Structure formats: structure tokens, C-alpha cells
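Shown below: input10.txt, with compact mmCIF, C-alpha atoms (C1' of nucleotides).
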```txt
# COMPACT_ATOMS: atom_id res chain seq x y z
CA MET E 1 72.55 4.05 199.24
CA LYS E 2 72.56 2.62 202.72
CA MET E 3 73.94 -0.58 204.04
CA HIS E 4 71.81 -2.19 206.68
CA ASN E 5 73.63 -4.58 208.89
CA PRO E 6 75.81 -6.30 206.32
CA PRO E 7 76.56 -9.90 207.23
CA HIS E 8 79.98 -10.90 208.40
CA PRO E 9 81.93 -12.24 205.42
CA GLY E 10 82.67 -15.38 207.39
CA GLU E 11 79.01 -16.29 207.61
CA VAL E 12 78.66 -15.84 203.88
CA LEU E 13 81.67 -18.03 203.35
CA ARG E 14 80.19 -20.77 205.46
CA GLU E 15 76.71 -20.67 203.97
CA LEU E 16 77.66 -20.12 200.36
CA CYS E 17 80.79 -22.19 200.03
CA PHE E 18 81.36 -24.63 202.85
CA GLU E 19 77.93 -25.95 203.69
CA PRO E 20 77.05 -26.76 200.06
CA LEU E 21 80.28 -28.71 199.72
CA GLY E 22 79.78 -30.53 202.97
CA ILE E 23 83.43 -30.05 203.75
CA THR E 24 84.70 -29.96 207.30
CA VAL E 25 86.45 -26.96 208.75
CA THR E 26 89.51 -29.05 209.41
CA ALA E 27 89.75 -30.27 205.84
CA ALA E 28 89.03 -26.86 204.38
CA ALA E 29 91.71 -25.24 206.50
CA LYS E 30 94.21 -27.80 205.31
CA ALA E 31 93.22 -27.22 201.70
CA LEU E 32 93.56 -23.48 202.11
CA GLY E 33 96.92 -23.89 203.78
CA ILE E 34 95.91 -22.15 207.00
CA SER E 35 95.34 -23.30 210.54
CA ARG E 36 92.02 -24.65 211.68
CA LYS E 37 91.86 -21.97 214.33
CA THR E 38 92.20 -19.21 211.75
CA LEU E 39 89.44 -20.61 209.57
CA SER E 40 87.24 -21.19 212.58
CA ALA E 41 87.70 -17.60 213.68
CA ILE E 42 86.70 -16.31 210.27
CA LEU E 43 83.65 -18.55 209.98
CA ASN E 44 82.48 -17.51 213.43
CA GLY E 45 82.93 -13.82 212.90
CA LYS E 46 85.92 -13.47 215.18
CA ALA E 47 88.30 -12.46 212.42
CA GLY E 48 88.07 -10.58 209.18
CA ILE E 49 89.22 -11.58 205.73
CA SER E 50 92.74 -10.34 205.11
CA PRO E 51 94.04 -9.63 201.62
CA GLU E 52 96.08 -12.80 201.75
CA MET E 53 93.06 -14.81 202.82
CA ALA E 54 91.07 -13.32 199.98
CA LEU E 55 93.74 -14.59 197.62
CA ARG E 56 93.47 -18.08 199.05
CA LEU E 57 89.70 -18.09 198.81
CA SER E 58 89.82 -16.85 195.24
CA LYS E 59 92.08 -19.70 194.26
CA ALA E 60 90.10 -22.33 196.11
CA PHE E 61 86.73 -21.25 194.77
CA ASP E 62 87.74 -19.81 191.40
CA THR E 63 86.43 -16.39 192.23
CA SER E 64 87.98 -12.95 192.48
CA PRO E 65 89.82 -11.71 195.55
CA GLU E 66 87.86 -8.49 195.16
CA SER E 67 84.55 -10.20 195.79
CA TRP E 68 85.73 -11.29 199.22
CA LEU E 69 87.44 -8.10 200.21
CA ASN E 70 84.45 -6.10 199.02
CA GLN E 71 82.28 -7.85 201.54
CA GLN E 72 84.87 -7.26 204.20
CA MET E 73 85.08 -3.59 203.23
CA HIS E 74 81.35 -3.03 203.52
CA TYR E 75 81.36 -4.78 206.85
CA ASP E 76 84.29 -2.70 208.07
CA ILE E 77 82.69 0.56 206.98
CA TRP E 78 79.47 -0.35 208.68
CA GLN E 79 81.35 -1.17 211.86
CA ALA E 80 83.39 2.02 211.65
CA GLU E 81 80.25 4.10 211.21
CA LYS E 82 78.75 2.51 214.29
CA VAL E 83 81.83 3.12 216.42
CA HIS E 84 82.78 6.57 215.09
CA LYS E 85 79.37 8.12 214.89
CA ASP E 86 80.56 11.41 216.30
CA LEU E 87 83.41 12.02 213.92
CA LYS E 88 84.11 15.71 213.65
CA VAL E 89 85.66 16.47 210.31
CA GLN E 90 85.76 19.80 208.52
CA LYS E 91 84.65 19.94 204.92
CA LEU E 92 87.58 20.56 202.63
CA ALA E 93 85.99 20.56 199.21
CA VAL E 94 83.50 23.16 198.12
CA ALA E 95 79.94 22.07 198.55
CA MET A 1 90.97 -8.29 184.09
CA LYS A 2 94.36 -7.45 185.43
CA MET A 3 95.49 -4.67 187.62
CA HIS A 4 98.82 -3.22 186.61
CA ASN A 5 100.65 -1.46 189.37
CA PRO A 6 97.75 0.37 190.95
CA PRO A 7 98.83 3.67 192.51
CA HIS A 8 99.01 4.03 196.24
CA PRO A 9 95.78 5.62 197.47
CA GLY A 10 97.81 8.29 199.21
CA GLU A 11 99.21 9.55 195.94
CA VAL A 12 95.74 9.76 194.49
CA LEU A 13 94.62 11.65 197.55
CA ARG A 14 97.41 14.13 197.15
CA GLU A 15 97.01 14.70 193.44
CA LEU A 16 93.24 14.65 193.25
CA CYS A 17 92.25 16.36 196.47
CA PHE A 18 95.07 18.22 198.16
CA GLU A 19 97.06 19.77 195.34
CA PRO A 20 93.98 21.27 193.65
CA LEU A 21 92.96 22.86 196.92
CA GLY A 22 96.42 24.18 197.62
CA ILE A 23 96.02 23.15 201.24
CA THR A 24 98.99 22.31 203.41
CA VAL A 25 99.43 18.92 205.00
CA THR A 26 99.36 20.49 208.42
CA ALA A 27 96.08 22.28 207.80
CA ALA A 28 94.48 19.24 206.19
CA ALA A 29 95.48 17.02 209.07
CA LYS A 30 93.94 19.43 211.50
CA ALA A 31 90.74 19.56 209.47
CA LEU A 32 90.59 15.76 209.35
CA GLY A 33 91.23 15.50 213.06
CA ILE A 34 94.38 13.43 212.72
CA SER A 35 98.05 14.13 213.30
CA ARG A 36 100.25 15.62 210.64
CA LYS A 37 102.46 12.56 210.80
CA THR A 38 99.59 10.22 210.05
CA LEU A 39 98.48 12.24 207.04
CA SER A 40 102.06 12.57 205.86
CA ALA A 41 102.55 8.82 206.06
CA ILE A 42 99.45 8.22 203.97
CA LEU A 43 100.36 10.79 201.34
CA ASN A 44 103.85 9.35 201.04
CA GLY A 45 102.74 5.76 200.73
CA LYS A 46 103.95 4.70 204.15
CA ALA A 47 100.50 3.91 205.50
CA GLY A 48 97.28 2.66 204.04
CA ILE A 49 93.80 4.06 204.30
CA SER A 50 92.02 2.54 207.28
CA PRO A 51 88.23 2.26 207.46
CA GLU A 52 88.14 5.11 209.93
CA MET A 53 90.31 7.25 207.67
CA ALA A 54 88.04 6.48 204.76
CA LEU A 55 85.17 7.80 206.84
CA ARG A 56 87.03 11.02 207.56
CA LEU A 57 87.92 11.51 203.92
CA SER A 58 84.37 10.87 202.84
CA LYS A 59 83.12 13.57 205.17
CA ALA A 60 85.80 16.07 204.21
CA PHE A 61 85.40 15.63 200.48
CA ASP A 62 81.75 14.67 200.27
CA THR A 63 82.48 11.33 198.73
CA SER A 64 81.82 7.74 199.71
CA PRO A 65 84.02 5.78 202.10
CA GLU A 66 83.83 2.94 199.60
CA SER A 67 85.63 4.91 196.93
CA TRP A 68 88.65 5.27 199.18
CA LEU A 69 88.68 1.77 200.55
CA ASN A 70 88.21 0.37 197.07
CA GLN A 71 91.45 1.93 195.98
CA GLN A 72 93.11 0.59 199.09
CA MET A 73 91.68 -2.85 198.41
CA HIS A 74 93.02 -3.01 194.88
CA TYR A 75 96.37 -1.85 196.11
CA ASP A 76 96.38 -4.44 198.88
CA ILE A 77 95.46 -7.25 196.52
CA TRP A 78 98.15 -6.24 194.10
CA GLN A 79 100.67 -6.20 196.91
CA ALA A 80 99.48 -9.52 198.26
CA GLU A 81 99.80 -11.11 194.83
CA LYS A 82 103.34 -9.86 194.54
CA VAL A 83 104.33 -11.15 197.96
CA HIS A 84 102.39 -14.42 197.93
CA LYS A 85 103.08 -15.51 194.38
CA ASP A 86 103.68 -19.10 195.36
CA LEU A 87 100.47 -19.64 197.25
CA LYS A 88 99.59 -23.32 197.25
CA VAL A 89 95.85 -23.69 197.62
CA GLN A 90 93.75 -26.67 196.64
CA LYS A 91 90.67 -26.10 194.55
CA LEU A 92 87.54 -26.69 196.57
CA ALA A 93 84.77 -25.93 194.12
CA VAL A 94 84.19 -27.90 190.96
CA ALA A 95 85.63 -26.25 187.90
C1' DA N 1 119.75 35.48 210.61
C1' DC N 2 115.49 33.74 212.18
C1' DA N 3 111.01 31.75 212.15
C1' DC N 4 107.92 28.70 209.95
C1' DG N 5 106.18 24.86 207.20
C1' DT N 6 107.39 20.42 205.81
C1' DG N 7 109.01 15.55 205.49
C1' DA N 8 110.76 12.00 208.07
C1' DA N 9 112.61 9.31 211.84
C1' DA N 10 112.44 7.45 216.66
C1' DC N 11 109.63 5.76 220.27
C1' DG N 12 105.50 4.07 222.51
C1' DT N 13 100.69 2.16 222.38
C1' DA N 14 96.83 -0.41 220.58
C1' DT N 15 94.75 -3.51 217.45
C1' DC N 16 94.70 -7.39 214.55
C1' DA N 17 95.95 -11.60 211.73
C1' DC N 18 98.20 -15.75 212.27
C1' DG N 19 100.46 -19.83 214.18
C1' DT N 20 101.12 -23.51 217.81
C1' DT N 21 99.46 -25.86 221.69
C1' DA N 22 95.98 -27.41 224.68
C1' DC N 23 91.43 -28.14 226.68
C1' DG N 24 86.44 -29.59 226.85
C1' DT N 25 82.38 -31.01 224.27
C1' DT N 26 79.74 -33.47 220.91
C1' DC N 27 79.00 -37.07 217.71
C1' DA N 28 79.80 -41.31 215.35
C1' DT N 29 81.89 -45.62 214.80
C1' DT N 30 83.69 -49.56 216.93
C1' DA B 1 81.42 -48.13 226.97
C1' DA B 2 85.39 -46.54 224.58
C1' DT B 3 88.02 -44.49 220.91
C1' DG B 4 88.68 -40.94 217.66
C1' DA B 5 87.23 -37.12 214.67
C1' DA B 6 85.45 -32.48 214.41
C1' DC B 7 84.61 -28.23 216.50
C1' DG B 8 84.86 -24.00 219.32
C1' DT B 9 87.75 -21.61 222.25
C1' DA B 10 91.47 -19.97 225.34
C1' DA B 11 96.45 -18.86 226.23
C1' DC B 12 100.67 -17.25 224.41
C1' DG B 13 103.92 -15.30 221.10
C1' DT B 14 105.06 -12.90 216.61
C1' DG B 15 104.72 -9.62 213.05
C1' DA B 16 102.26 -5.92 210.69
C1' DT B 17 99.85 -1.70 210.94
C1' DA B 18 97.46 2.65 212.49
C1' DC B 19 98.01 6.39 215.43
C1' DG B 20 99.96 9.78 218.55
C1' DT B 21 103.83 12.84 220.49
C1' DT B 22 108.35 14.43 220.09
C1' DT B 23 112.27 15.71 217.59
C1' DC B 24 115.36 16.76 213.81
C1' DA B 25 116.87 18.55 209.27
C1' DC B 26 115.82 20.88 205.12
C1' DG B 27 113.77 24.50 202.70
C1' DT B 28 111.64 29.24 201.91
C1' DG B 29 110.18 33.82 203.02
C1' DT B 30 110.45 37.79 205.98
```

Could you spell out this file's structure in C-alpha cells?
Amino acid sequence: MKMHNPPHPGEVLRELCFEPLGITVTAAAKALGISRKTLSAILNGKAGISPEMALRLSKAFDTSPESWLNQQMHYDIWQAEKVHKDLKVQKLAVA
Amino acid sequence: MKMHNPPHPGEVLRELCFEPLGITVTAAAKALGISRKTLSAILNGKAGISPEMALRLSKAFDTSPESWLNQQMHYDIWQAEKVHKDLKVQKLAVA
DNA sequence: ACACGTGAAACGTATCACGTTACGTTCATT
DNA sequence: AATGAACGTAACGTGATACGTTTCACGTGT
């Protein structure tokens, strides 16, 4: 199973949660208890979703922290695969 | 669904992958292309599994990076819930 | 007794999340 | 036209974390 260019979790957040609610970034940041800059960075793909942030989102939107961190994980793996294409690792388990 | 004290991914690594193979930490680190210290820290719960490390493990053991980062994610969430018990967040979505 | 593998600590570097403060732009209301 | 809200962004500092090299102390086997 391949992942093709997974979206940044921040974009998903914006499109799936914030835009439907019509809430401003400023207000949302205040509700989440974080700074506007931090939220802005996430929504614009400049920052990832930390475990603590996943907790906040799960409480605000009545979801699971896992759902947010899973997106972040897939994004991170995809990024890591791009950057570390030439990763030389010896096989340790029998084939 | 609650997670009760999920094990540190490093312990799982040690018990499920390294002990059965009877490989030394030094040799495994060399095979993975990382320092012995870094591997030691992971196996002893002093460091987490980074996306890049998950990639290395997946190549060495013919598994998926997701399986490793998933463990790390659950561990991180559990930790975050312990530390940030009193997280005041306003509900944003309708109940 | 000596060498080797191991765990762990100290130290340095790089990256990243996060906060505060500040600036410029755009848009809407006055 | 002017005021203020909302937004993106930059600078700066802090703390956490991953990673490396070096070093030290504890074992075990030769």
C-alpha cells in the first residue's frame, strides 16, 4: 500500500473543521488555549501536530487524538521517505 | 477504548526483534547505520522512535514504518494525557 | 590480569514546537 | 477617510528531543 502525497494535517484541519464552522483563527486559537501564531503555523503547513496539540483537537472536536496523529504520522513518513531515499540498512530478520 | 500503560516501543523492539535474533546492540546499531548510543537509548526507553528510525527498522525487519510509529504514537498520547491532565479546551464542534 | 562488550553519562549540534512581540496587509464597519 | 479586526509572517528566546563522539564503569570470557 502506497501513500501518494498525503496532505498536510493542517490543511485537513482547516478544510474539515474550521471552514465549516466559520470560526476565525484568532478565536479558535483562544478556544484551544494556544497562541494564534501556533495555530496559524499548523494551518499553513509550517508546523506539525504535536501529541499535546492532538489532545487539544480531540477535546475541541470530540474526536480521538489518534486520528490527528495518524495523519501526522503518514505525512512524516512520506516526508522521511523523500528525504532519506538512499538509506542503507542491512536486513536483520530472515527473509 | 482506553490505553493502559502502553509499553515503550524500545522495549518491544528489544523483546520482539533483538532478543530472538541474539544480536548485540553494537552489531544491530552498525547494521541500522546509527550509533550504539542512539540504539541503546531507544532500547532503554530514553529516546523515542523518530520517523527516520522507523524507516530504518522497517527496512531491517521487513515491516512497515507505520507499525513502529503507531506504537510510538500511542505511547506519546498516553504520556501527553498523563502530563496534560488539566487541559482546558473549549468545545468547538456541536455535540 | 587483560581485553572486550555493554550500559550510561557528559558534551555538543541540529531540529522543532511553542510563546511573546511586532510589523504590514487586507477587509469591513464607522 | 479612518479605525479596528483578522491574518500571515518575521525575530527572538526557551525547552524538548534526536543524534553523534567520547569516555567511564561494570561485567564476562580468555

inquiry  = Residues of chain A were defined as contacting chain E if any atom lay at most 9 Å from it, counting only C-alpha atoms; please report them as a ChimeraX atom specification.
reply    = /A:17,21,23,28,30-33,51-52,54-57,59-62,65-66,69-70,73-74,76-77,79-81,84,87-95

Dump of C-alpha atoms for the selected residues, as a PDB file, keeping the file's coordinate frame:
```pdb
ATOM      1  CA  CYS A  17      92.250  16.360 196.470  1.00  0.00           C
ATOM      2  CA  LEU A  21      92.960  22.860 196.920  1.00  0.00           C
ATOM      3  CA  ILE A  23      96.020  23.150 201.240  1.00  0.00           C
ATOM      4  CA  ALA A  28      94.480  19.240 206.190  1.00  0.00           C
ATOM      5  CA  LYS A  30      93.940  19.430 211.500  1.00  0.00           C
ATOM      6  CA  ALA A  31      90.740  19.560 209.470  1.00  0.00           C
ATOM      7  CA  LEU A  32      90.590  15.760 209.350  1.00  0.00           C
ATOM      8  CA  GLY A  33      91.230  15.500 213.060  1.00  0.00           C
ATOM      9  CA  PRO A  51      88.230   2.260 207.460  1.00  0.00           C
ATOM     10  CA  GLU A  52      88.140   5.110 209.930  1.00  0.00           C
ATOM     11  CA  ALA A  54      88.040   6.480 204.760  1.00  0.00           C
ATOM     12  CA  LEU A  55      85.170   7.800 206.840  1.00  0.00           C
ATOM     13  CA  ARG A  56      87.030  11.020 207.560  1.00  0.00           C
ATOM     14  CA  LEU A  57      87.920  11.510 203.920  1.00  0.00           C
ATOM     15  CA  LYS A  59      83.120  13.570 205.170  1.00  0.00           C
ATOM     16  CA  ALA A  60      85.800  16.070 204.210  1.00  0.00           C
ATOM     17  CA  PHE A  61      85.400  15.630 200.480  1.00  0.00           C
ATOM     18  CA  ASP A  62      81.750  14.670 200.270  1.00  0.00           C
ATOM     19  CA  PRO A  65      84.020   5.780 202.100  1.00  0.00           C
ATOM     20  CA  GLU A  66      83.830   2.940 199.600  1.00  0.00           C
ATOM     21  CA  LEU A  69      88.680   1.770 200.550  1.00  0.00           C
ATOM     22  CA  ASN A  70      88.210   0.370 197.070  1.00  0.00           C
ATOM     23  CA  MET A  73      91.680  -2.850 198.410  1.00  0.00           C
ATOM     24  CA  HIS A  74      93.020  -3.010 194.880  1.00  0.00           C
ATOM     25  CA  ASP A  76      96.380  -4.440 198.880  1.00  0.00           C
ATOM     26  CA  ILE A  77      95.460  -7.250 196.520  1.00  0.00           C
ATOM     27  CA  GLN A  79     100.670  -6.200 196.910  1.00  0.00           C
ATOM     28  CA  ALA A  80      99.480  -9.520 198.260  1.00  0.00           C
ATOM     29  CA  GLU A  81      99.800 -11.110 194.830  1.00  0.00           C
ATOM     30  CA  HIS A  84     102.390 -14.420 197.930  1.00  0.00           C
ATOM     31  CA  LEU A  87     100.470 -19.640 197.250  1.00  0.00           C
ATOM     32  CA  LYS A  88      99.590 -23.320 197.250  1.00  0.00           C
ATOM     33  CA  VAL A  89      95.850 -23.690 197.620  1.00  0.00           C
ATOM     34  CA  GLN A  90      93.750 -26.670 196.640  1.00  0.00           C
ATOM     35  CA  LYS A  91      90.670 -26.100 194.550  1.00  0.00           C
ATOM     36  CA  LEU A  92      87.540 -26.690 196.570  1.00  0.00           C
ATOM     37  CA  ALA A  93      84.770 -25.930 194.120  1.00  0.00           C
ATOM     38  CA  VAL A  94      84.190 -27.900 190.960  1.00  0.00           C
ATOM     39  CA  ALA A  95      85.630 -26.250 187.900  1.00  0.00           C
TER      40      ALA A  95
END
```

Would you kindly report the residues of chain A within 12 Å of chain N, using only C-alpha atoms (C1' of nucleotides), as a short mmCIF file (atom, residue, chain, number, x, y, z; two decimals) with C-alpha atoms, in the coordinates of the input?
```cif
data_model
loop_
_atom_site.label_atom_id
_atom_site.label_comp_id
_atom_site.auth_asym_id
_atom_site.auth_seq_id
_atom_site.Cartn_x
_atom_site.Cartn_y
_atom_site.Cartn_z
CA ILE A 23 96.02 23.15 201.24
CA THR A 24 98.99 22.31 203.41
CA VAL A 25 99.43 18.92 205.00
CA THR A 26 99.36 20.49 208.42
CA ALA A 27 96.08 22.28 207.80
CA ARG A 36 100.25 15.62 210.64
CA LYS A 37 102.46 12.56 210.80
CA THR A 38 99.59 10.22 210.05
CA LEU A 39 98.48 12.24 207.04
CA SER A 40 102.06 12.57 205.86
CA ALA A 41 102.55 8.82 206.06
CA LEU A 43 100.36 10.79 201.34
CA ASN A 44 103.85 9.35 201.04
CA LYS A 46 103.95 4.70 204.15
#
```

query = Could you work out how far atom CA of Ser64 of chain A lies from atom C1' of DC19 of chain B, giving the answer in Å with one decimal?
reply = 22.6 Å

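Near chain A, the residues of chain B that fall inside 8 Å (using all atoms listed in the file) are DT17, DA18, DC19 and DG20 of chain B.
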
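The gap separating atom CA of Glu15 of chain E from atom CA of Trp68 of chain E is 13.9 Å, in Å to one decimal.
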
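Atom CA of Pro7 of chain E is found 8.3 Å from atom CA of Gln71 of chain E.
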